[in-house]
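I have placed the structure first, in the form of structure tokens, so that the comments after it can refer back to it.
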Amino acid sequence: MSNFMYLFRGGDENFKKLSQEEKQAHMQVWGEWMGGLKEKGKLLDGLPLSEDGKVVHKRGELVTNGPHAEGAEVVGGYLIVSANDIDEAVEMSKGCPIFDYDGAYVEVREIMSMDTH
């Protein structure tokens, strides 16, 4: 078993356009999907990320407000899941509600240990 990170990119602009009721309904779909992963022992951690942040450059000599990536490049949140291999991690990601939004996607990355990196 290995751990994988899902980075959720895009969809934020479309989500903001929803009514409060639509947002709540969509978040319920997220809760159900994540709950299913948790019941299977696959979900280890995960949370949405704030839009606000700082970008640190040059060992802290330059700190700017950010991130200022374009819509589909913004990382809106993450999950850490456990899977046998990247193929299983990809398969589990296919049920993600982020795909309800055009252009949104999930980046699947294996979390390496410092010993094997």
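Going through the structure tokens in order, the chains are called A, B, and so on, while each chain numbers its residues from 1 and the ligands are numbered from 1 in the order shown.
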Residue neighbourhood A:Glu110, 12 Å, only C-alpha atoms, exclusion window fewer than 2 positions, as a list in words: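 The residues satisfying every condition are Met1, Ser2, Asn3, Phe4, Met5, Tyr6, Leu7, Leu79, Ile80, Val81, Ser82, Ala83, Asn84, Asp85, Ile86, Asp87, Glu88, Ala89, Val90, Glu107, Val108, Met112, Ser113, Thr116 and His117 of chain A.
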Counting only C-alpha atoms, which residues of stretch 21-62 of chain A sit at most 9 Å from some atom of stretch 93-99 of chain A, and what is each one's closest atom pair with its distance in Å to one decimal, listed by chain and rising residue number, as CSV?
residue,atom,partner,partner_atom,distance
A:His26,CA,A:Pro97,CA,7.7
A:Met27,CA,A:Pro97,CA,8.8
A:Val29,CA,A:Pro97,CA,6.7
A:Trp30,CA,A:Pro97,CA,6.0
A:Trp33,CA,A:Cys96,CA,6.8
A:Met34,CA,A:Cys96,CA,8.5
Just the selected residues (N, CA, C and O atoms), exported as an mmCIF file, in the first residue's frame, please.
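Result file is again.cif:
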data_model
loop_
_atom_site.group_PDB
_atom_site.id
_atom_site.type_symbol
_atom_site.label_atom_id
_atom_site.label_comp_id
_atom_site.auth_asym_id
_atom_site.auth_seq_id
_atom_site.Cartn_x
_atom_site.Cartn_y
_atom_site.Cartn_z
ATOM 1 N N HIS A 26 -24.135 20.244 -3.483
ATOM 2 C CA HIS A 26 -22.873 19.771 -4.051
ATOM 3 C C HIS A 26 -21.913 19.318 -2.948
ATOM 4 O O HIS A 26 -21.227 18.306 -3.099
ATOM 5 N N MET A 27 -21.872 20.041 -1.851
ATOM 6 C CA MET A 27 -21.004 19.647 -0.739
ATOM 7 C C MET A 27 -21.471 18.323 -0.128
ATOM 8 O O MET A 27 -20.658 17.543 0.357
ATOM 9 N N VAL A 29 -22.695 15.884 -1.888
ATOM 10 C CA VAL A 29 -22.150 14.879 -2.817
ATOM 11 C C VAL A 29 -20.679 14.615 -2.478
ATOM 12 O O VAL A 29 -20.228 13.469 -2.452
ATOM 13 N N TRP A 30 -19.930 15.695 -2.199
ATOM 14 C CA TRP A 30 -18.528 15.529 -1.788
ATOM 15 C C TRP A 30 -18.449 14.686 -0.518
ATOM 16 O O TRP A 30 -17.619 13.782 -0.408
ATOM 17 N N TRP A 33 -19.060 11.025 -1.296
ATOM 18 C CA TRP A 33 -17.915 10.409 -1.982
ATOM 19 C C TRP A 33 -16.774 10.161 -1.002
ATOM 20 O O TRP A 33 -16.202 9.068 -0.938
ATOM 21 N N MET A 34 -16.451 11.174 -0.208
ATOM 22 C CA MET A 34 -15.371 11.027 0.767
ATOM 23 C C MET A 34 -15.743 10.013 1.840
ATOM 24 O O MET A 34 -14.892 9.236 2.284
#
DSSP strand (DSSP E) residues within stretch 13-111 of chain A, as number ranges by chain: A: 43-48, 53-57, 62-66, 75-83, 105-110
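When DSSP reads the backbone of this structure, the residues of stretch 51-90 of chain A it assigns to helix (DSSP H, G or I) are Lys58, Arg59, Gly60, Gly71, Ala72, Glu73, Ile86, Asp87, Glu88, Ala89 and Val90 of chain A.
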- prompt: Any idea what the distance is between atom CA of A:Met92 and atom CA of A:Leu44?
  reply: 13.5 Å
query: Which polymer residues have any atom within 7 Å of an atom of A:Gly76, counting only C-alpha atoms, with same-chain residues fewer than 4 positions away left out, as JSON, numbers by chain?
result: {"A": [8, 9, 48, 49]}
For N, CA and C atoms, I'd like the residues from the last selection saved as a PDB file, in the first residue's frame.
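Now in selection.pdb:
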ATOM      1  N   PHE A   8      -7.016  18.962  -6.130  1.00  0.00           N
ATOM      2  CA  PHE A   8      -8.208  19.346  -6.877  1.00  0.00           C
ATOM      3  C   PHE A   8      -7.989  20.707  -7.513  1.00  0.00           C
ATOM      4  N   ARG A   9      -8.074  20.742  -8.837  1.00  0.00           N
ATOM      5  CA  ARG A   9      -7.804  21.970  -9.577  1.00  0.00           C
ATOM      6  C   ARG A   9      -9.021  22.363 -10.409  1.00  0.00           C
ATOM      7  N   PRO A  48     -10.426  21.406   2.196  1.00  0.00           N
ATOM      8  CA  PRO A  48     -10.328  22.480   1.198  1.00  0.00           C
ATOM      9  C   PRO A  48      -9.240  23.459   1.605  1.00  0.00           C
ATOM     10  N   LEU A  49      -8.775  24.237   0.650  1.00  0.00           N
ATOM     11  CA  LEU A  49      -7.741  25.241   0.911  1.00  0.00           C
ATOM     12  C   LEU A  49      -8.317  26.640   0.720  1.00  0.00           C
TER      13      LEU A  49
END
task: Please identify all polymer residues within 9 Å of A:Gly66, counting only C-alpha atoms, omitting same-chain residues fewer than 5 positions from it, and present them as a ChimeraX atom specification.
output: /A:51-55
